[in-house]
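Step one of this worksheet: look at the structure below.
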Amino acid sequence: MSARNRVLGLCHCLLPTAAAVLLLTSVAGSAWAQFGTLGGMHPAPATGIFGWLLAQQAFFYQALAGLIRQAKSNGSAYWALMGISFVYGVFHAAGPGHGKAVISSYLLANEETWRRGVTLSFASAVLQSLTAITIVAVAAVLIGGTAQLMGNAVRTIETASYLLIIIIGARMLWVKGKSFRAAVRKIREEFDPVPTAAAANEAQCHHEHLHVGHSHPGHSSAAHDKHDHDENVHADCTAQAHHHAHEDEEEGILPWAHAHSPEPEQLAGPGGWQRGFSAIIAVGMRPCSGAIIVLVFALAQGLFWAGIASTFVMGLGTAITVGSIASLAVGAKSLAKRIATTRSGYGALVLRGLEVGAACLVMLVGIGLLTGYLASERMGFF
Amino acid sequence: MLYRLIAVILAVAGVVTAIGTASAHPHVWVTMHSDFLYSPDGSVTAVRHTWTFDDMFSAFATMGFPKTDGTFTRETLQPLATVNVDSLKDFDYFTYAKVDGKRVKDAFNEPTSDYWLDYDPKTTLLTLHFTLPFKVPVKAKSLQIEVYDPTFFIDFAMAKQDPVTLVGAPAQCAVATEKPPDGNFPTTLRLDHALVTSEANIGMGASFANRITVTCP
């Protein structure tokens, strides 16, 4: 690589890196925004878009309460109730919820199709509606429990959900971290194409092969991990083997360019669903406090069925908002991928870096939520 | 192509920030009345809060409690009142004090034991009564009490009539109240403001604070 190319490559690398960092911080920031009081902080008044969005949410939430009251005596209020539930869902998903941050980071870190991104959003929204309904049905209808009991149930579910988010993040970090390391290795090789480096890498390949052979056969339950692991090592080593033949190509560090790497279409198949499933559970198992309060209120008015219908319609609205954000994430990722394939090794490095960053973010959000550093929606003060 | 990537990434960042920053909206509405309790020497010893919750939250909070003659008695609701008051501690009772313009941290002791909840079967509203004693009684020219939820889960509003009563205050003391603007919510969409305040969500509930200022010259 000539000096000029190197400088160009650096520029091409830095700009998207800066943009990627900005994206990650914005996702992180939006999650952190739910964080409660900072000692002695006195923010400016909330006006503008954010105040407006909050005003809309509060307005629709209060409208929900009003319509449930009306529905008791006036049948036509049901239709309005469904309409408002939908709009509230759309606006509310724009509000608190680590779900958005987790889903978009997950999609940024993984090779996912648009359809899968949207399906993921819808599935988690449906699950979220179901948990809210189940909690109220069991606590209020079956065992006559109190709001405090429901609050405890939600906190337990919450903890499990946060742990799951941490596990998903850690797993992604493990897989993506290896790809990142491979990309770094590839760049280093380009800067320092001395035979000794190649030899050293070759040795490492053999070592990793051995490592795979030793550590994995016993773990039949970890078949997934083994698959990923094998693939990456294989990709690295194949790159190594072909390196001299394809000096300027980067097949080896772009897993999707390799014959053994899963294509997005393959991921959308039955095997891919298992991976997405954990994300759906992690994000969808924590019910929305608003839905629970609305359901209990509907129940108190003797309109539990209307409450259930309203909860599902709300979930539909939520899914549309989260699905839109997910689509943006998928779009950004696929564009990044396309560009990376047309660039030198730096493109791949940025891409891998973005994935590692997204994986870290998922894990950090999970840790933040679990330790209470990041506040999720409360259930009142019980 | 590269610049398109940057553009797309920036767009996603913008949208995620914009949507993500609009954090919690209120799920609970409280109409509040506060009494300032004075000792004979003219210092404020405590703030007595009377908080009435909205009907949706009232229904939610009373769930699972048995009704007696169509209502919840004070005795029935006492365990709930205990839970409420105990957990309010984690939120500093949503009550913040400023003495002569200076914020006093941890100004209050735990509520006195005479707290209770009452339920109005006609309006179906639940009201929490509790008294917050000052750690050090306040004798100052100006005492300001702010009531708000920094996370904005609870929307506090002062009662329309007589939101504050000074109990046993010296004659020269005067009370002024300051409500949050626009019935708690901005109604206009102003892009310039959005840009200025985009990072201001943390603790934004403070901008919806209800301020009560007592001045005794």
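Going through the structure tokens in order, the chains are called A, B, and so on, while each chain numbers its residues from 1 and the ligands are numbered from 1 in the order shown.
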
* **Spatial neighbours of Lys102 of chain B, 12 Å, only C-alpha atoms, chain gap at least 4 places, as number ranges by chain** => A: 40; B: 96-98, 107, 140-145

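For the residues A:Phe312, A:Trp174, A:Trp114, A:Phe297, ranking by smallest atom-to-atom distance to chain B using only C-alpha atoms places A:Phe297 first.
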
* Structure fact -> Of B:Gly70, B:Pro150, B:Pro40, B:Pro111, the one nearest to chain A when counting only C-alpha atoms is B:Pro150

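Straight-line separation from atom CA of Leu117 of chain B to atom CA of Phe36 of chain B: 19.7 Å.
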
* To do: Using backbone DSSP assignments, extract all strand (DSSP E) residues from segment 71-103 of chain B; output them as a list in words.
  => Thr95, Tyr96, Ala97, Lys98, Val99, Lys102 and Arg103 of chain B

With N, CA and C atoms retained, write the just-selected residues as an mmCIF file, in the first residue's frame.
data_model
loop_
_atom_site.group_PDB
_atom_site.id
_atom_site.type_symbol
_atom_site.label_atom_id
_atom_site.label_comp_id
_atom_site.auth_asym_id
_atom_site.auth_seq_id
_atom_site.Cartn_x
_atom_site.Cartn_y
_atom_site.Cartn_z
ATOM 1 N N THR B 95 -39.818 16.337 47.472
ATOM 2 C CA THR B 95 -39.916 17.653 48.089
ATOM 3 C C THR B 95 -38.511 18.208 48.329
ATOM 4 N N TYR B 96 -38.247 19.373 47.767
ATOM 5 C CA TYR B 96 -36.909 19.946 47.828
ATOM 6 C C TYR B 96 -36.986 21.349 48.429
ATOM 7 N N ALA B 97 -36.042 21.625 49.345
ATOM 8 C CA ALA B 97 -36.111 22.897 50.064
ATOM 9 C C ALA B 97 -34.951 23.815 49.701
ATOM 10 N N LYS B 98 -35.264 25.103 49.632
ATOM 11 C CA LYS B 98 -34.235 26.132 49.437
ATOM 12 C C LYS B 98 -34.436 27.157 50.537
ATOM 13 N N VAL B 99 -33.351 27.462 51.282
ATOM 14 C CA VAL B 99 -33.437 28.466 52.341
ATOM 15 C C VAL B 99 -32.596 29.664 51.919
ATOM 16 N N LYS B 102 -30.597 29.077 48.899
ATOM 17 C CA LYS B 102 -29.641 27.977 48.854
ATOM 18 C C LYS B 102 -30.352 26.646 49.058
ATOM 19 N N ARG B 103 -30.028 25.685 48.175
ATOM 20 C CA ARG B 103 -30.621 24.375 48.284
ATOM 21 C C ARG B 103 -30.108 23.648 49.521
#

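Rounded to one decimal, atom CA of Ser85 of chain A and atom CA of Met314 of chain A lie 4.9 Å from each other.
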
* **Within 9 Å of segment 27-32 of chain B using only C-alpha atoms, minus same-chain residues under 6 positions, as JSON, numbers by chain** => {"A": [58, 61, 62, 289, 290, 293, 379, 380], "B": [49, 50, 51, 52, 53, 54, 55, 56, 57, 152, 153, 154, 155, 156, 157, 158, 159, 160, 163, 164]}

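For the atom pair formed by atom CA of Ile166 of chain A and atom CA of Val138 of chain A, the distance is 28.5 Å, given to one decimal.
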
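Residues within 7 Å of segment 139-143 of chain A, counting only C-alpha atoms and excluding same-chain residues fewer than 4 positions away, are Ile135 and Met150 of chain A; Gly64 of chain B.
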
* Asked: Quick one: residues within 9 Å of Thr165 of chain B, only C-alpha atoms counted, chain neighbours fewer than 5 positions away excluded, as a VMD selection string?
  -> chain B and resid 33 to 37 175

Please produce a file of the residues just selected, as a JSON list (two decimals), in the first residue's frame, where the atoms kept are C-alpha atoms.
[["chain", "number", "residue", "atom", "x", "y", "z"],
["B", 33, "HIS", "CA", -52.12, 20.91, 48.98],
["B", 34, "SER", "CA", -49.37, 21.80, 51.45],
["B", 35, "ASP", "CA", -49.45, 23.21, 54.96],
["B", 36, "PHE", "CA", -46.42, 24.94, 56.43],
["B", 37, "LEU", "CA", -46.36, 24.29, 60.17],
["B", 175, "VAL", "CA", -46.76, 33.04, 50.50]]

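Closest approach to Pro133 of chain B among B:Pro121, B:Pro79, B:Phe108, B:Phe65: B:Phe108, based on only C-alpha atoms.
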